[in-house]
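Inspection log for the structure reproduced underneath, given as structure tokens.
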Number of protein chains: 2
Amino acid sequence: MTNKINDNSVGIVKSKTVEIKQNLKLDCGKDLKNFSLVYETYGELNSEKNNAILICHALSGDHHAAGYYNIDDRKPGWWDSCIGPGKPFDTNKFFIVSLNNLGGCMGSTGPNTINSETGLEYGPDFPIVTVNDWVNSQKLLADYLNINKWACVIGGSLGGMQALQWTISYPDKIKNAIVIASAAKLSAQNIAFNEVARQAIITDPEFHDGRYNNYNVVPKRGLSIARMLGHITYLSDDSMRQKFGRDLREGKLHFGYDVDFQVESYLRYQAQAFVERFDANTYLLMTKALDYFDPAKEYDDDLSKAFQNTKSRYLVVSFTSDWRFSSSKSHEIVKSLVKARKNVSYSEIEANHGHDAFLMPIPQYLEVLRNFMENV
Amino acid sequence: MTNKINDNSVGIVKSKTVEIKQNLKLDCGKDLKNFSLVYETYGELNSEKNNAILICHALSGDHHAAGYYNIDDRKPGWWDSCIGPGKPFDTNKFFIVSLNNLGGCMGSTGPNTINSETGLEYGPDFPIVTVNDWVNSQKLLADYLNINKWACVIGGSLGGMQALQWTISYPDKIKNAIVIASAAKLSAQNIAFNEVARQAIITDPEFHDGRYNNYNVVPKRGLSIARMLGHITYLSDDSMRQKFGRDLREGKLHFGYDVDFQVESYLRYQAQAFVERFDANTYLLMTKALDYFDPAKEYDDDLSKAFQNTKSRYLVVSFTSDWRFSSSKSHEIVKSLVKARKNVSYSEIEANHGHDAFLMPIPQYLEVLRNFMENV
């Protein structure tokens, strides 16, 4: 054990894969005859099987939410600050499940998987899946794990949409939901940002209508632009000011298009790293899942009606400086839950990290999560 | 005359070109031995030559600020709502000059001009010009027009930066300045948006290091992405909600990457139109002029010191929903002017149009401009 893998880490973890040989009817009208999901678990399922928690990931997340694969890993899983012994999602108490969603690029069935019916990679033919489809696939994972009811389903951003949908789709299968920095639907501005990201990818000549793998290329220019743009919207104006200000990388302006300002260098670096780990077709379909989510739509745009049959307790959390999923979007959820006479707690956390705050170990935030989890 | 060219229009206008055969020393260290500026004028210069107003354009603007070239023109100049007989910038009273800035793509010397020294198009070799360079070039235009002192220099956004710089560079040559929806320097977030736009253009394979004209192509994908992104930041979240909401173009989701939402259709259309009229190298250098503007820098970041020798009266205007050039950026200008004991008026206009509000005929806004101009 190195220092970094300390007493409140889940330690070394290993991902597992389940092949689900059941038909999954998708919202787009297509069927997935069978599919695999990659997942990790932390902690132990108790004999009553009532201590299981599901963690749902956001746009570019995956199943590796906590711990290390290897003692040499530079970083732990993406939500390691919250998951572990004594942490808000306490592995001494809970059995925590974290999966890579369908359509992902980290091992679950998605665009890079071979379609058993054709013997070819799905690529762009992989269907566009919705938050609802994900929840249905997660339900099959729960069945496989013998979990009849989640003690809690938790997610930030796109993950929060999944937590919300769980309460609507399977009211008897979820006791608590934590919905962080999320929304019951995207605004036109949010859809617009996603559309620019998609257009950057799709119009990259190396996208080849999504069949770039056949050409041994990657639409890296488009994916870079998408990631840079995303990054700006995940940070706040304030946090960028504090982090970079107008600092110059080399102390002077170059009067050219190489990097002048530190913030430019940061964006290029982030984009480069992302292109190496993420898949363009997955990025596209994840953005569509975001855009399409709108549970109120089939209830005359009355969100409280969408919640009418839910039975969960809810915790809704937002962050003051998050402008991509602003507090007003959380307020909409909370108001609709109150109108539907549901049990909901809400906390707005003072934080200047923007949307990314949901991944940060902000003391007040961890405290709010911890308090809620004590009654789960 | 058709209906649209009515009594308060400047009517049919014609652009003029001046060739300035004087050396212009640029901030980048290079010299421009001679250059042309395209401009328009509205109204008449009086015999005292003390009624001249300069209009400075923003990122994608040009010299055609008012009137029509032709009675069949679909639209008048970009600030027709403010310029004309009886309008805030009243052509019965003022002689109004509007130019296309150096480096532009509407006729002034810029990337698409033949460099007389090489006989070849400048292309990417056209130097990156600064707001300060523009003001120096505009000073030479004033000399040519026999205008010793501007009654007022006016601009929105990047244009407002030019108005500010005029007061600093030529305190004796400007009596009033109107600085609208502008900033004394960009924030890291603003630079970041510009950088994404630049990267989209530069990484477009049809950019060819800026020599796309030699290949008879245009980096249209990159320029489109840049424009779409720009558009989102020029509108407010609210105005996009009102304009588009989550409206679907064809009443249903397609589960593909064609247009689902109206806002996507709008962005694609805007981008298409922009690519047809604007030049990529000009776009790049305009964004750099924005990023580089920082008059306080040589005064230990004390903006009030940058203003210490100015002699103008100032009007600073911002709009409540403008998040690209938020009111806080105008407050910074106003506070520094007050600290430097200068004559400044400030007005924050209630408007939900975002940054684009500065181009809109908002009654309260027009009234503020009109009132200030009455004392010019």
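Simple scheme: letters A, B, ... for chains in structure tokens order, numbers from 1 for residues in each chain, numbers from 1 for ligands in the order shown.
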Would you write out, as a Markdown table, a table of all residues in chain A that have an atom no more than 8 Å from an atom of chain B, listing for each the closest atom pair and the distance in Å to one decimal, considering only C-alpha atoms and ordering rows by chain and rising residue number?
```
| residue | atom | partner | partner_atom | distance |
| --- | --- | --- | --- | --- |
| A:Cys28 | CA | B:Phe255 | CA | 6.1 |
| A:Pro127 | CA | B:Phe255 | CA | 7.7 |
| A:Ile128 | CA | B:Phe255 | CA | 5.7 |
| A:Ser187 | CA | B:Arg241 | CA | 6.5 |
| A:Ala188 | CA | B:Gly245 | CA | 5.3 |
| A:Gln189 | CA | B:Asp237 | CA | 5.5 |
| A:Ile191 | CA | B:Val263 | CA | 7.6 |
| A:Ala192 | CA | B:Glu264 | CA | 6.3 |
| A:Phe193 | CA | B:Leu229 | CA | 7.3 |
| A:Glu195 | CA | B:Glu264 | CA | 6.3 |
| A:Val196 | CA | B:Ile225 | CA | 6.3 |
| A:Gln199 | CA | B:Ile225 | CA | 7.1 |
| A:Ala200 | CA | B:Ile225 | CA | 6.4 |
| A:Thr203 | CA | B:Arg221 | CA | 6.4 |
| A:Asp204 | CA | B:Asp204 | CA | 7.6 |
| A:Pro205 | CA | B:Pro205 | CA | 7.9 |
| A:Arg221 | CA | B:Thr203 | CA | 6.3 |
| A:Gly222 | CA | B:Ala200 | CA | 7.8 |
| A:Ile225 | CA | B:Val196 | CA | 6.3 |
| A:Met228 | CA | B:Val196 | CA | 6.5 |
| A:Leu229 | CA | B:Val196 | CA | 6.5 |
| A:Ile232 | CA | B:Gln189 | CA | 6.8 |
| A:Ser236 | CA | B:Gln189 | CA | 8.0 |
| A:Asp237 | CA | B:Gln189 | CA | 5.5 |
| A:Met240 | CA | B:Ala188 | CA | 5.7 |
| A:Arg241 | CA | B:Ala188 | CA | 5.6 |
| A:Phe244 | CA | B:Ala188 | CA | 6.4 |
| A:Gly245 | CA | B:Ala188 | CA | 5.3 |
| A:Arg246 | CA | B:Ala188 | CA | 6.0 |
| A:Leu253 | CA | B:Tyr292 | CA | 7.9 |
| A:Phe255 | CA | B:Ile128 | CA | 5.7 |
| A:Gly256 | CA | B:Ile128 | CA | 6.9 |
| A:Val263 | CA | B:Ala192 | CA | 6.4 |
| A:Glu264 | CA | B:Ala192 | CA | 6.3 |
| A:Leu267 | CA | B:Ala192 | CA | 7.6 |
| A:Tyr292 | CA | B:Leu253 | CA | 7.9 |
```
How would chain A read as a compact mmCIF listing (two decimals) with C-alpha atoms, in the first residue's frame once least-squares superposed on chain B using all paired C-alpha atoms?
```txt
# COMPACT_ATOMS: atom_id res chain seq x y z
CA MET A 1 -37.96 55.27 -52.41
CA THR A 2 -39.60 52.20 -50.95
CA ASN A 3 -41.40 52.23 -47.63
CA LYS A 4 -38.45 50.95 -45.70
CA ILE A 5 -36.31 53.92 -46.72
CA ASN A 6 -38.37 56.41 -44.79
CA ASP A 7 -37.80 59.88 -43.41
CA ASN A 8 -35.59 58.77 -40.56
CA SER A 9 -33.29 56.71 -42.74
CA VAL A 10 -30.03 58.06 -44.09
CA GLY A 11 -31.27 56.59 -47.37
CA ILE A 12 -28.99 55.26 -50.08
CA VAL A 13 -25.33 55.35 -49.09
CA LYS A 14 -22.07 54.64 -50.82
CA SER A 15 -18.85 53.52 -49.27
CA LYS A 16 -15.60 55.38 -49.95
CA THR A 17 -11.99 54.28 -49.77
CA VAL A 18 -8.99 56.25 -48.61
CA GLU A 19 -5.48 55.13 -49.31
CA ILE A 20 -3.26 56.25 -46.49
CA LYS A 21 0.35 56.52 -47.60
CA GLN A 22 1.84 56.93 -44.20
CA ASN A 23 3.77 54.45 -42.17
CA LEU A 24 1.80 52.86 -39.35
CA LYS A 25 3.91 51.38 -36.59
CA LEU A 26 2.05 48.41 -35.16
CA ASP A 27 2.18 47.08 -31.60
CA CYS A 28 3.57 43.78 -32.88
CA GLY A 29 6.70 45.63 -34.02
CA LYS A 30 5.97 45.54 -37.73
CA ASP A 31 5.23 48.51 -39.98
CA LEU A 32 2.44 48.96 -42.48
CA LYS A 33 3.91 51.27 -45.11
CA ASN A 34 0.52 52.14 -46.53
CA PHE A 35 -3.00 50.90 -46.23
CA SER A 36 -6.56 51.53 -47.32
CA LEU A 37 -9.61 52.06 -45.18
CA VAL A 38 -13.15 51.72 -46.42
CA TYR A 39 -15.65 53.99 -44.72
CA GLU A 40 -19.06 55.57 -44.97
CA THR A 41 -20.25 58.95 -43.81
CA TYR A 42 -23.73 60.10 -42.91
CA GLY A 43 -24.72 63.75 -42.41
CA GLU A 44 -22.57 66.79 -43.14
CA LEU A 45 -19.38 68.06 -41.55
CA ASN A 46 -20.07 71.61 -40.37
CA SER A 47 -17.79 74.52 -41.10
CA GLU A 48 -16.32 74.46 -37.58
CA LYS A 49 -15.62 70.74 -38.13
CA ASN A 50 -16.73 70.06 -34.58
CA ASN A 51 -19.70 67.78 -35.25
CA ALA A 52 -17.88 64.62 -36.32
CA ILE A 53 -18.67 61.29 -34.70
CA LEU A 54 -16.76 58.08 -35.16
CA ILE A 55 -18.55 54.73 -34.99
CA CYS A 56 -16.27 51.76 -34.21
CA HIS A 57 -17.41 48.28 -35.11
CA ALA A 58 -17.27 45.02 -33.18
CA LEU A 59 -15.89 41.57 -34.03
CA SER A 60 -17.89 40.83 -37.16
CA GLY A 61 -19.07 44.34 -37.99
CA ASP A 62 -18.03 46.64 -40.80
CA HIS A 63 -18.33 50.19 -42.14
CA HIS A 64 -21.92 49.79 -43.33
CA ALA A 65 -23.60 51.05 -40.16
CA ALA A 66 -26.65 52.77 -41.64
CA GLY A 67 -28.78 53.15 -44.76
CA TYR A 68 -29.01 50.99 -47.86
CA TYR A 69 -26.71 50.47 -50.80
CA ASN A 70 -29.65 49.71 -53.00
CA ILE A 71 -33.40 49.98 -52.64
CA ASP A 72 -33.57 46.23 -53.03
CA ASP A 73 -31.33 45.57 -50.00
CA ARG A 74 -33.04 43.27 -47.58
CA LYS A 75 -31.50 44.97 -44.55
CA PRO A 76 -29.98 48.36 -43.74
CA GLY A 77 -26.59 48.88 -42.06
CA TRP A 78 -26.02 47.20 -38.72
CA TRP A 79 -26.78 50.20 -36.49
CA ASP A 80 -29.53 51.76 -38.54
CA SER A 81 -31.75 51.90 -35.45
CA CYS A 82 -29.40 54.50 -33.95
CA ILE A 83 -28.13 56.46 -36.95
CA GLY A 84 -30.30 58.79 -39.04
CA PRO A 85 -32.32 62.01 -38.99
CA GLY A 86 -33.90 62.35 -35.54
CA LYS A 87 -32.28 59.16 -34.24
CA PRO A 88 -29.88 59.12 -31.24
CA PHE A 89 -26.91 59.66 -33.56
CA ASP A 90 -28.73 62.37 -35.45
CA THR A 91 -27.51 62.99 -38.99
CA ASN A 92 -29.27 66.38 -38.98
CA LYS A 93 -26.77 67.42 -36.36
CA PHE A 94 -23.73 65.21 -36.72
CA PHE A 95 -21.31 64.09 -39.38
CA ILE A 96 -20.95 60.39 -38.74
CA VAL A 97 -17.99 58.33 -39.88
CA SER A 98 -18.00 54.55 -39.83
CA LEU A 99 -15.09 52.49 -41.10
CA ASN A 100 -14.05 48.94 -41.68
CA ASN A 101 -11.08 48.35 -39.43
CA LEU A 102 -7.63 47.43 -40.57
CA GLY A 103 -7.41 43.65 -40.89
CA GLY A 104 -11.08 43.49 -41.83
CA CYS A 105 -12.55 41.66 -44.77
CA MET A 106 -14.97 44.22 -46.13
CA GLY A 107 -12.56 46.31 -48.15
CA SER A 108 -10.00 47.77 -45.77
CA THR A 109 -6.47 46.44 -45.97
CA GLY A 110 -6.45 43.01 -44.40
CA PRO A 111 -5.60 39.36 -44.99
CA ASN A 112 -7.35 39.33 -48.38
CA THR A 113 -5.43 42.35 -49.68
CA ILE A 114 -2.45 42.10 -52.03
CA ASN A 115 0.73 43.08 -50.19
CA SER A 116 2.32 45.63 -52.52
CA GLU A 117 5.78 44.57 -51.36
CA THR A 118 5.37 40.93 -52.37
CA GLY A 119 2.63 41.09 -54.98
CA LEU A 120 0.89 38.31 -53.05
CA GLU A 121 -2.13 38.26 -50.81
CA TYR A 122 -1.27 38.84 -47.15
CA GLY A 123 -3.33 35.91 -45.91
CA PRO A 124 -1.98 34.72 -42.55
CA ASP A 125 1.00 37.07 -42.87
CA PHE A 126 -1.19 40.04 -42.21
CA PRO A 127 0.01 41.26 -38.82
CA ILE A 128 -2.13 40.85 -35.73
CA VAL A 129 -3.38 44.34 -35.05
CA THR A 130 -4.47 45.69 -31.69
CA VAL A 131 -7.16 48.08 -30.54
CA ASN A 132 -4.37 50.62 -30.15
CA ASP A 133 -3.27 50.05 -33.75
CA TRP A 134 -6.84 50.58 -34.92
CA VAL A 135 -7.11 53.85 -33.03
CA ASN A 136 -3.86 55.02 -34.63
CA SER A 137 -5.19 54.12 -38.07
CA GLN A 138 -8.47 55.89 -37.29
CA LYS A 139 -6.45 58.95 -36.29
CA LEU A 140 -4.94 58.99 -39.80
CA LEU A 141 -8.44 58.71 -41.26
CA ALA A 142 -9.50 61.68 -39.09
CA ASP A 143 -6.53 63.68 -40.42
CA TYR A 144 -7.53 62.84 -43.98
CA LEU A 145 -11.11 63.99 -43.27
CA ASN A 146 -9.80 67.21 -41.66
CA ILE A 147 -11.31 66.28 -38.35
CA ASN A 148 -9.10 67.59 -35.60
CA LYS A 149 -11.29 66.44 -32.74
CA TRP A 150 -14.14 63.95 -32.59
CA ALA A 151 -17.29 65.23 -30.94
CA CYS A 152 -17.78 61.62 -29.92
CA VAL A 153 -16.32 58.16 -30.49
CA ILE A 154 -18.85 55.39 -30.03
CA GLY A 155 -18.71 51.64 -30.00
CA GLY A 156 -20.23 48.47 -28.59
CA SER A 157 -18.22 45.43 -27.46
CA LEU A 158 -14.87 45.50 -29.29
CA GLY A 159 -16.01 48.89 -30.59
CA GLY A 160 -16.28 50.17 -27.04
CA MET A 161 -12.66 49.18 -26.47
CA GLN A 162 -11.70 51.46 -29.37
CA ALA A 163 -13.69 54.33 -27.87
CA LEU A 164 -11.88 53.81 -24.55
CA GLN A 165 -8.50 53.65 -26.26
CA TRP A 166 -9.20 56.88 -28.15
CA THR A 167 -9.60 58.71 -24.84
CA ILE A 168 -6.29 57.31 -23.62
CA SER A 169 -4.23 57.64 -26.82
CA TYR A 170 -5.53 60.98 -28.04
CA PRO A 171 -7.03 62.84 -25.09
CA ASP A 172 -7.08 66.12 -27.03
CA LYS A 173 -8.77 64.64 -30.07
CA ILE A 174 -11.95 63.32 -28.49
CA LYS A 175 -14.61 65.23 -26.55
CA ASN A 176 -16.98 62.39 -25.66
CA ALA A 177 -16.84 58.61 -25.62
CA ILE A 178 -19.70 56.12 -25.51
CA VAL A 179 -18.61 52.68 -24.37
CA ILE A 180 -21.38 50.08 -24.70
CA ALA A 181 -21.41 46.45 -23.52
CA SER A 182 -17.65 46.50 -23.39
CA ALA A 183 -14.75 45.78 -21.06
CA ALA A 184 -11.37 47.18 -20.12
CA LYS A 185 -10.03 43.65 -20.52
CA LEU A 186 -11.40 40.20 -21.25
CA SER A 187 -11.73 37.60 -18.52
CA ALA A 188 -10.16 34.15 -18.74
CA GLN A 189 -13.57 32.77 -19.73
CA ASN A 190 -13.83 35.22 -22.62
CA ILE A 191 -10.34 34.41 -23.82
CA ALA A 192 -11.23 30.73 -23.55
CA PHE A 193 -14.28 31.12 -25.79
CA ASN A 194 -12.13 32.97 -28.32
CA GLU A 195 -9.51 30.25 -28.16
CA VAL A 196 -12.05 27.53 -28.91
CA ALA A 197 -13.24 29.54 -31.92
CA ARG A 198 -9.67 29.97 -33.11
CA GLN A 199 -8.83 26.30 -32.64
CA ALA A 200 -11.95 25.33 -34.62
CA ILE A 201 -10.73 27.47 -37.52
CA ILE A 202 -7.03 26.67 -37.33
CA THR A 203 -7.52 22.90 -37.08
CA ASP A 204 -9.94 22.81 -40.01
CA PRO A 205 -7.96 20.93 -42.69
CA GLU A 206 -9.14 23.51 -45.20
CA PHE A 207 -7.46 26.30 -43.26
CA HIS A 208 -4.11 25.39 -44.84
CA ASP A 209 -2.16 27.54 -42.38
CA GLY A 210 -4.28 30.48 -43.40
CA ARG A 211 -3.51 30.15 -47.12
CA TYR A 212 -6.88 28.65 -48.02
CA ASN A 213 -7.41 31.14 -50.84
CA ASN A 214 -4.45 29.56 -52.65
CA TYR A 215 -6.36 26.28 -52.56
CA ASN A 216 -9.70 27.81 -53.55
CA VAL A 217 -11.29 26.58 -50.35
CA VAL A 218 -12.62 28.15 -47.19
CA PRO A 219 -12.28 26.66 -43.67
CA LYS A 220 -16.03 26.71 -43.48
CA ARG A 221 -16.39 23.98 -40.86
CA GLY A 222 -14.18 25.82 -38.42
CA LEU A 223 -15.67 29.21 -39.15
CA SER A 224 -19.16 27.74 -38.69
CA ILE A 225 -18.28 26.31 -35.30
CA ALA A 226 -16.75 29.63 -34.28
CA ARG A 227 -19.88 31.49 -35.30
CA MET A 228 -22.29 29.08 -33.64
CA LEU A 229 -20.34 29.32 -30.41
CA GLY A 230 -20.20 33.09 -30.69
CA HIS A 231 -23.94 33.25 -31.20
CA ILE A 232 -24.66 31.35 -28.02
CA THR A 233 -22.57 33.79 -26.06
CA TYR A 234 -24.20 36.83 -27.68
CA LEU A 235 -27.66 35.71 -26.57
CA SER A 236 -28.87 35.22 -23.03
CA ASP A 237 -30.13 31.95 -21.61
CA ASP A 238 -33.47 33.72 -21.18
CA SER A 239 -33.72 35.09 -24.69
CA MET A 240 -32.92 31.66 -26.11
CA ARG A 241 -35.62 30.19 -23.91
CA GLN A 242 -38.14 32.73 -25.17
CA LYS A 243 -37.05 32.45 -28.79
CA PHE A 244 -36.67 28.67 -29.04
CA GLY A 245 -37.42 26.93 -25.77
CA ARG A 246 -37.33 23.21 -26.47
CA ASP A 247 -39.41 23.57 -29.64
CA LEU A 248 -38.86 20.78 -32.11
CA ARG A 249 -38.49 21.63 -35.76
CA GLU A 250 -40.65 18.80 -36.97
CA GLY A 251 -42.67 18.05 -33.86
CA LYS A 252 -40.76 14.92 -32.98
CA LEU A 253 -37.32 13.62 -32.03
CA HIS A 254 -35.36 11.86 -34.77
CA PHE A 255 -32.94 9.77 -32.74
CA GLY A 256 -30.20 10.90 -35.06
CA TYR A 257 -27.92 13.88 -35.58
CA ASP A 258 -30.06 15.89 -37.94
CA VAL A 259 -31.86 18.87 -36.51
CA ASP A 260 -34.28 18.01 -33.71
CA PHE A 261 -34.66 21.34 -31.94
CA GLN A 262 -35.36 24.75 -33.48
CA VAL A 263 -32.32 26.20 -31.75
CA GLU A 264 -30.10 23.77 -33.68
CA SER A 265 -31.64 24.86 -36.95
CA TYR A 266 -31.12 28.51 -36.07
CA LEU A 267 -27.45 28.01 -35.22
CA ARG A 268 -26.74 26.10 -38.41
CA TYR A 269 -28.46 28.78 -40.48
CA GLN A 270 -26.56 31.59 -38.79
CA ALA A 271 -23.28 29.77 -39.29
CA GLN A 272 -23.98 29.14 -42.96
CA ALA A 273 -24.79 32.80 -43.59
CA PHE A 274 -21.67 33.93 -41.74
CA VAL A 275 -19.31 31.65 -43.66
CA GLU A 276 -20.55 33.21 -46.88
CA ARG A 277 -19.76 36.75 -45.82
CA PHE A 278 -16.81 36.60 -43.47
CA ASP A 279 -13.13 35.75 -43.70
CA ALA A 280 -11.42 33.27 -41.38
CA ASN A 281 -8.10 35.11 -41.07
CA THR A 282 -9.96 38.29 -40.17
CA TYR A 283 -12.00 36.41 -37.59
CA LEU A 284 -8.82 35.13 -35.99
CA LEU A 285 -7.12 38.48 -35.74
CA MET A 286 -10.26 40.19 -34.43
CA THR A 287 -10.40 37.70 -31.56
CA LYS A 288 -6.77 38.40 -30.76
CA ALA A 289 -7.42 42.14 -30.69
CA LEU A 290 -10.11 41.41 -28.10
CA ASP A 291 -7.86 39.17 -26.02
CA TYR A 292 -4.91 41.54 -26.09
CA PHE A 293 -6.79 44.68 -25.07
CA ASP A 294 -5.71 45.63 -21.57
CA PRO A 295 -4.85 49.32 -21.23
CA ALA A 296 -4.28 48.99 -17.48
CA LYS A 297 -1.45 46.55 -18.01
CA GLU A 298 1.26 49.16 -18.44
CA TYR A 299 -0.06 50.98 -15.35
CA ASP A 300 0.47 48.16 -12.85
CA ASP A 301 -3.02 46.87 -13.63
CA ASP A 302 -4.49 50.08 -12.23
CA LEU A 303 -7.10 51.09 -14.79
CA SER A 304 -7.66 54.48 -13.15
CA LYS A 305 -4.03 55.33 -13.90
CA ALA A 306 -4.58 54.45 -17.56
CA PHE A 307 -7.35 57.06 -17.54
CA GLN A 308 -5.41 59.74 -15.66
CA ASN A 309 -4.67 61.94 -18.69
CA THR A 310 -8.00 61.53 -20.45
CA LYS A 311 -10.19 64.60 -21.02
CA SER A 312 -13.43 63.13 -22.39
CA ARG A 313 -16.87 62.89 -20.99
CA TYR A 314 -17.88 59.25 -20.86
CA LEU A 315 -21.12 57.35 -21.16
CA VAL A 316 -20.83 53.69 -20.18
CA VAL A 317 -23.75 51.37 -20.93
CA SER A 318 -24.31 47.72 -20.07
CA PHE A 319 -27.22 45.29 -20.29
CA THR A 320 -28.58 43.17 -17.47
CA SER A 321 -28.58 39.85 -19.36
CA ASP A 322 -25.23 40.27 -21.14
CA TRP A 323 -23.01 37.53 -19.73
CA ARG A 324 -20.25 37.75 -22.34
CA PHE A 325 -19.56 41.39 -21.41
CA SER A 326 -21.38 41.53 -18.13
CA SER A 327 -22.28 44.68 -16.23
CA SER A 328 -19.47 43.96 -13.79
CA LYS A 329 -17.01 44.68 -16.61
CA SER A 330 -18.66 48.07 -17.16
CA HIS A 331 -18.61 48.70 -13.42
CA GLU A 332 -14.85 48.21 -13.48
CA ILE A 333 -14.55 50.93 -16.13
CA VAL A 334 -16.89 53.28 -14.30
CA LYS A 335 -15.19 52.82 -10.93
CA SER A 336 -11.79 53.48 -12.44
CA LEU A 337 -13.05 56.61 -14.18
CA VAL A 338 -14.59 57.84 -10.94
CA LYS A 339 -11.36 57.09 -9.10
CA ALA A 340 -9.51 59.10 -11.75
CA ARG A 341 -12.08 61.91 -11.20
CA LYS A 342 -13.40 61.84 -14.73
CA ASN A 343 -16.83 62.84 -15.97
CA VAL A 344 -18.72 59.60 -16.43
CA SER A 345 -22.38 58.60 -16.69
CA TYR A 346 -23.39 55.00 -16.44
CA SER A 347 -26.57 53.24 -17.37
CA GLU A 348 -27.47 49.60 -16.96
CA ILE A 349 -30.30 48.75 -19.31
CA GLU A 350 -32.86 46.11 -18.37
CA ALA A 351 -32.83 43.86 -21.41
CA ASN A 352 -32.98 40.14 -21.92
CA HIS A 353 -31.25 40.04 -25.32
CA GLY A 354 -27.81 39.24 -23.92
CA HIS A 355 -24.75 40.86 -25.50
CA ASP A 356 -26.67 41.44 -28.74
CA ALA A 357 -28.80 44.00 -26.89
CA PHE A 358 -26.37 46.72 -27.93
CA LEU A 359 -27.64 46.37 -31.50
CA MET A 360 -31.32 46.39 -30.55
CA PRO A 361 -33.74 49.33 -30.59
CA ILE A 362 -34.56 49.06 -26.88
CA PRO A 363 -36.50 52.23 -25.94
CA GLN A 364 -34.71 52.89 -22.63
CA TYR A 365 -31.35 52.37 -24.33
CA LEU A 366 -32.11 54.71 -27.23
CA GLU A 367 -33.30 57.27 -24.70
CA VAL A 368 -30.03 57.07 -22.76
CA LEU A 369 -28.02 57.51 -25.94
CA ARG A 370 -30.24 60.38 -27.07
CA ASN A 371 -29.93 62.21 -23.76
CA PHE A 372 -26.17 61.92 -23.75
CA MET A 373 -25.90 63.02 -27.37
CA GLU A 374 -27.95 66.13 -26.65
CA ASN A 375 -25.04 67.44 -24.66
CA VAL A 376 -22.35 66.41 -27.12
```
Practice item. Mind listing the strand (DSSP E or B) residues of range 135-354 of chain A, per DSSP on the backbone, as a list of chain:residue names? Key: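 So the strand (DSSP E or B) residues in range 135-354 of chain A would be A:Trp150, A:Cys152, A:Val153, A:Ile154, A:Gly155, A:Gly156, A:Ile174, A:Asn176, A:Ala177, A:Ile178, A:Val179, A:Ile180, A:Leu248, A:Phe261, A:Arg313, A:Tyr314, A:Leu315, A:Val316, A:Val317, A:Ser318, A:Phe319, A:Asn343, A:Val344, A:Ser345, A:Tyr346, A:Ser347, A:Glu348, A:Ile349.
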